$ cat entry34.txt   # compact mmCIF, C-alpha atoms
# COMPACT_ATOMS: atom_id res chain seq x y z
CA MET N 1059 125.74 106.37 103.24
CA ARG N 1060 123.88 109.63 102.68
CA ILE N 1061 120.30 109.27 103.89
CA LEU N 1062 117.38 111.65 103.34
CA LEU N 1063 115.07 111.25 106.34
CA ILE N 1064 111.59 112.72 105.87
CA GLY N 1065 109.89 113.07 109.23
CA ALA N 1066 113.15 113.35 111.16
CA THR N 1067 111.81 114.67 114.49
CA GLY N 1068 108.98 112.22 115.18
CA MET N 1069 109.13 109.37 117.68
CA VAL N 1070 110.48 106.91 115.12
CA GLY N 1071 112.25 109.37 112.82
CA SER N 1072 114.34 110.88 115.60
CA ARG N 1073 115.52 107.45 116.65
CA VAL N 1074 116.31 106.42 113.08
CA ALA N 1075 118.39 109.60 112.75
CA ALA N 1076 120.27 108.83 115.95
CA GLU N 1077 120.87 105.19 114.99
CA ALA N 1078 122.09 106.05 111.48
CA ARG N 1079 124.37 108.84 112.66
CA GLY N 1080 125.71 106.57 115.38
CA ARG N 1081 126.85 104.19 112.65
CA GLY N 1082 128.59 106.95 110.76
CA HIS N 1083 125.97 107.68 108.12
CA GLU N 1084 125.18 111.22 106.99
CA VAL N 1085 121.53 112.09 107.60
CA THR N 1086 119.65 115.01 106.02
CA GLY N 1087 116.57 115.52 108.16
CA VAL N 1088 113.40 116.96 106.62
CA THR N 1089 110.25 118.19 108.38
CA ARG N 1090 107.24 120.31 107.51
CA SER N 1091 108.31 122.98 109.98
CA GLY N 1092 112.08 123.01 109.49
CA ALA N 1093 112.46 122.58 113.27
CA GLU N 1094 115.56 121.31 115.08
CA GLY N 1095 117.93 122.08 112.24
CA THR N 1096 116.02 120.12 109.61
CA ALA N 1097 115.31 121.16 106.04
CA LYS N 1098 111.76 122.45 105.54
CA ALA N 1099 109.64 120.71 102.91
CA GLU N 1100 106.30 119.03 102.37
CA ALA N 1101 106.62 115.35 101.49
CA GLY N 1102 103.94 115.79 98.85
CA ASP N 1103 106.01 118.42 97.01
CA ALA N 1104 107.86 116.24 94.51
CA ALA N 1105 110.09 119.08 93.30
CA ALA N 1106 111.19 119.92 96.84
CA VAL N 1107 111.85 116.26 97.62
CA ALA N 1108 113.87 115.90 94.41
CA ALA N 1109 116.01 118.90 95.23
CA LEU N 1110 116.74 117.61 98.73
CA ALA N 1111 117.31 114.02 97.62
CA GLU N 1112 119.92 114.93 95.02
CA GLY N 1113 123.20 113.19 95.82
CA HIS N 1114 121.75 110.89 98.48
CA ASP N 1115 122.03 107.11 98.49
CA ALA N 1116 118.69 106.37 100.10
CA ALA N 1117 115.57 107.94 101.57
CA VAL N 1118 113.45 107.07 104.59
CA LEU N 1119 109.81 108.15 104.82
CA ALA N 1120 108.82 108.34 108.49
CA ILE N 1121 105.62 110.38 108.60
CA ALA N 1122 102.16 109.82 110.01
CA PRO N 1123 98.82 110.94 108.57
CA PRO N 1124 96.96 113.81 110.24
CA ARG N 1125 95.92 112.99 113.79
CA ASP N 1126 93.52 115.90 114.29
CA GLY N 1127 90.40 114.03 113.28
CA SER N 1128 90.58 115.15 109.66
CA GLU N 1129 90.74 112.73 106.75
CA ALA N 1130 93.89 110.60 107.10
CA GLU N 1131 94.32 108.61 103.93
CA GLY N 1132 94.38 111.36 101.29
CA PRO N 1133 97.20 113.42 102.82
CA LEU N 1134 99.35 110.34 103.51
CA LEU N 1135 98.95 109.00 99.97
CA ALA N 1136 99.71 112.43 98.53
CA ALA N 1137 102.88 112.54 100.61
CA GLY N 1138 103.87 109.05 99.56
CA ARG N 1139 103.33 109.74 95.87
CA GLY N 1140 105.23 113.03 96.18
CA VAL N 1141 108.20 111.18 97.65
CA LEU N 1142 108.11 108.51 94.94
CA ALA N 1143 108.08 111.14 92.21
CA GLY N 1144 110.78 113.21 93.91
CA LEU N 1145 113.12 110.26 94.30
CA ARG N 1146 112.64 109.28 90.67
CA ALA N 1147 113.49 112.82 89.57
CA ALA N 1148 116.62 112.81 91.73
CA GLY N 1149 117.72 109.37 90.59
CA VAL N 1150 117.52 107.90 94.11
CA ARG N 1151 116.25 104.33 93.94
CA ARG N 1152 116.41 103.18 97.56
CA LEU N 1153 113.40 103.93 99.80
CA VAL N 1154 112.53 102.56 103.23
CA VAL N 1155 109.07 103.40 104.58
CA VAL N 1156 108.12 103.46 108.25
CA GLY N 1157 104.78 101.71 108.07
CA GLY N 1158 101.96 100.71 110.36
CA ALA N 1159 101.00 97.43 112.01
CA GLY N 1160 97.30 97.50 111.12
CA SER N 1161 97.79 95.90 107.70
CA LEU N 1162 99.64 92.90 109.15
CA GLU N 1163 97.74 89.61 109.19
CA ALA N 1164 96.49 88.72 112.67
CA ALA N 1165 95.06 85.49 111.22
CA PRO N 1166 95.07 84.08 107.68
CA GLY N 1167 93.35 86.65 105.48
CA VAL N 1168 92.43 88.91 108.43
CA ARG N 1169 94.26 92.19 108.95
CA LEU N 1170 94.95 93.40 112.47
CA VAL N 1171 92.94 96.58 111.78
CA ASP N 1172 89.88 94.44 110.95
CA THR N 1173 89.92 92.42 114.19
CA PRO N 1174 87.15 93.14 116.73
CA GLY N 1175 89.40 94.54 119.45
CA PHE N 1176 91.29 97.03 117.30
CA PRO N 1177 91.02 100.50 118.95
CA ASP N 1178 88.75 102.90 117.07
CA ALA N 1179 91.09 105.79 117.88
CA TYR N 1180 93.83 104.29 115.70
CA LYS N 1181 91.70 102.83 112.92
CA ALA N 1182 91.87 105.75 110.46
CA GLU N 1183 95.65 105.98 110.78
CA ALA N 1184 96.03 102.21 110.39
CA LEU N 1185 93.86 102.16 107.27
CA ALA N 1186 95.83 105.07 105.80
CA HIS N 1187 99.14 103.28 106.34
CA GLY N 1188 97.67 100.15 104.75
CA ALA N 1189 96.57 102.17 101.74
CA LEU N 1190 100.10 103.60 101.43
CA LEU N 1191 101.50 100.07 101.37
CA ASP N 1192 99.05 99.22 98.57
CA VAL N 1193 100.19 102.28 96.60
CA ILE N 1194 103.86 101.42 97.02
CA ARG N 1195 103.29 97.83 95.95
CA ALA N 1196 101.34 98.98 92.89
CA GLU N 1197 103.35 102.04 91.84
CA ALA N 1198 106.94 101.75 93.10
CA GLY N 1199 108.15 98.74 91.16
CA ASP N 1200 110.88 100.84 89.57
CA LEU N 1201 112.33 101.70 93.00
CA ASP N 1202 114.17 99.55 95.54
CA TRP N 1203 111.59 99.92 98.32
CA THR N 1204 111.08 98.24 101.67
CA TYR N 1205 108.09 98.87 103.95
CA ILE N 1206 108.71 98.08 107.62
CA SER N 1207 105.74 97.49 109.90
CA PRO N 1208 106.33 97.67 113.63
CA ALA N 1209 104.71 95.38 116.17
CA ALA N 1210 101.19 96.23 117.32
CA LEU N 1211 102.69 98.40 120.09
CA ILE N 1212 105.67 100.66 119.39
CA GLU N 1213 106.80 103.21 121.94
CA PRO N 1214 110.00 104.75 123.33
CA GLY N 1215 111.99 102.25 125.33
CA GLU N 1216 115.25 100.38 125.55
CA ARG N 1217 117.76 99.75 122.77
CA THR N 1218 118.38 96.02 123.21
CA GLY N 1219 119.41 94.93 119.72
CA THR N 1220 117.39 91.73 120.22
CA PHE N 1221 114.23 91.27 118.15
CA ARG N 1222 112.65 89.14 115.43
CA LEU N 1223 111.91 89.93 111.80
CA GLY N 1224 108.92 88.62 109.89
CA GLY N 1225 106.90 89.23 106.75
CA ASP N 1226 103.20 90.01 106.42
CA GLN N 1227 102.07 88.26 109.61
CA LEU N 1228 101.83 89.97 112.99
CA LEU N 1229 104.57 88.75 115.37
CA SER N 1230 103.74 88.14 119.03
CA ASP N 1231 105.65 86.70 121.97
CA ALA N 1232 104.75 83.58 123.98
CA ASP N 1233 102.24 85.58 126.01
CA GLY N 1234 100.50 86.96 122.94
CA ASN N 1235 102.03 90.44 123.23
CA SER N 1236 103.18 92.21 120.08
CA ALA N 1237 105.59 95.03 120.92
CA ILE N 1238 108.84 96.71 119.92
CA SER N 1239 110.69 99.74 121.23
CA ALA N 1240 111.20 102.63 118.83
CA GLU N 1241 114.93 102.25 119.47
CA ASP N 1242 115.02 98.60 118.38
CA TYR N 1243 112.76 99.36 115.42
CA ALA N 1244 115.35 101.93 114.35
CA ILE N 1245 118.09 99.31 114.53
CA ALA N 1246 116.11 97.03 112.22
CA LEU N 1247 115.44 99.87 109.80
CA VAL N 1248 119.07 100.97 109.54
CA ASP N 1249 120.12 97.31 109.24
CA GLU N 1250 117.83 97.05 106.20
CA LEU N 1251 119.23 100.26 104.73
CA GLU N 1252 122.74 98.82 105.01
CA LYS N 1253 122.00 95.27 103.87
CA SER N 1254 119.04 95.62 101.45
CA GLU N 1255 117.77 92.13 102.24
CA ALA N 1256 114.06 92.91 101.84
CA VAL N 1257 113.86 94.96 98.65
CA GLY N 1258 110.42 95.00 97.06
CA ARG N 1259 108.54 93.68 100.08
CA ARG N 1260 107.12 94.43 103.52
CA ILE N 1261 108.78 93.15 106.68
CA THR N 1262 107.88 93.51 110.33
CA VAL N 1263 109.92 93.74 113.53
CA ALA N 1264 108.87 92.68 117.04
CA TYR N 1265 110.08 90.98 120.20
$ encode --input "entry34.txt" --output "structure tokens"
Amino acid sequence: MRILLIGATGMVGSRVAAEARGRGHEVTGVTRSGAEGTAKAEAGDAAAVAALAEGHDAAVLAIAPPRDGSEAEGPLLAAGRGVLAGLRAAGVRRLVVVGGAGSLEAAPGVRLVDTPGFPDAYKAEALAHGALLDVIRAEAGDLDWTYISPAALIEPGERTGTFRLGGDQLLSDADGNSAISAEDYAIALVDELEKSEAVGRRITVAY
């Protein structure tokens, strides 16, 4: 499979690249800077995305909104819409999005980001990722998309290959902890790229 990976050098993107290449897939990495041998492009530039996506079987969007205190939602939605338009122009239907956990339901009808203990430092980013999910659900019906939310805590760790998949509800272990390593998240994402078992919906991955 030929995979266009936008955001290829981030914590999650770099592990998705390694996992996909380890399974024999061809990965074209894309970043804003063109660092580490990646192609240089802005995700919001639909023409640039289209040119890079040409001839690929699938795309992965693995970017975060700005984390410098500036407005988070606008830039992330612009990037998401640029990718949608670029893939359409290139004739690439398959898209997997690295999402956030904040939009998962912590209780019926209550998003994790809206719970009292949610850290203020991550709220803007969580809301932006939730808005991107809303955009994809509303505007990407012509594409074969999957949005994958991690557990509440995702960080570098061990590649175990053992985890659970869920839908719109936050997954926690017996002790109430919701976590996943970036390495195991990458396994779940590449599994979905290969199997396409969750097209047109959001899933989540956690221990």
$ residues_around --input "entry34.txt" --residues "Thr1086 in chain N" --least-positions-apart "5" --cutoff "12 Å" --atoms "only C-alpha atoms" --output "PyMOL selection string"
chain N and resi 1059-1067+1071-1072+1074-1076+1078-1079+1092+1094-1099+1107+1110-1118
$ residues_around --input "entry34.txt" --residues "range 1202-1209 of chain N" --least-positions-apart "2" --cutoff "9 Å" --atoms "all atoms listed in the file" --output "ChimeraX atom specification"
/N:1151-1162,1191,1194-1195,1198-1200,1211-1212,1225-1226,1228-1230,1236-1240,1243,1246-1247,1250-1251,1254,1256-1265
$ atom_distance --input "entry34.txt" --atom1 "CA of Glu1077 in chain N" --atom2 "CA of Phe1221 in chain N"
15.7 Å
$ closest_residue --input "entry34.txt" --among "N:His1187, N:Glu1241, N:Asp1103, N:Asp1178" --to "Thr1218 in chain N" --atoms "only C-alpha atoms"
N:Glu1241
$ atom_distance --input "entry34.txt" --atom1 "CA of Ala1147 in chain N" --atom2 "CA of Gly1102 in chain N"
13.6 Å
$ decode --input "entry34.txt" --residues "range 1065-1079 of chain N" --atoms "C-alpha atoms" --output "mmCIF file, in the first residue's frame"
data_model
loop_
_atom_site.group_PDB
_atom_site.id
_atom_site.type_symbol
_atom_site.label_atom_id
_atom_site.label_comp_id
_atom_site.auth_asym_id
_atom_site.auth_seq_id
_atom_site.Cartn_x
_atom_site.Cartn_y
_atom_site.Cartn_z
ATOM 1 C CA GLY N 1065 2.544 15.015 10.008
ATOM 2 C CA ALA N 1066 5.143 12.278 9.640
ATOM 3 C CA THR N 1067 7.656 13.418 12.279
ATOM 4 C CA GLY N 1068 5.381 13.975 15.278
ATOM 5 C CA MET N 1069 5.063 11.624 18.242
ATOM 6 C CA VAL N 1070 2.261 9.629 16.627
ATOM 7 C CA GLY N 1071 3.135 10.223 12.979
ATOM 8 C CA SER N 1072 6.693 8.958 13.345
ATOM 9 C CA ARG N 1073 5.443 5.756 14.929
ATOM 10 C CA VAL N 1074 2.778 5.266 12.270
ATOM 11 C CA ALA N 1075 5.508 5.651 9.633
ATOM 12 C CA ALA N 1076 7.693 3.075 11.357
ATOM 13 C CA GLU N 1077 4.821 0.615 11.822
ATOM 14 C CA ALA N 1078 3.643 0.923 8.209
ATOM 15 C CA ARG N 1079 7.126 0.602 6.758
#
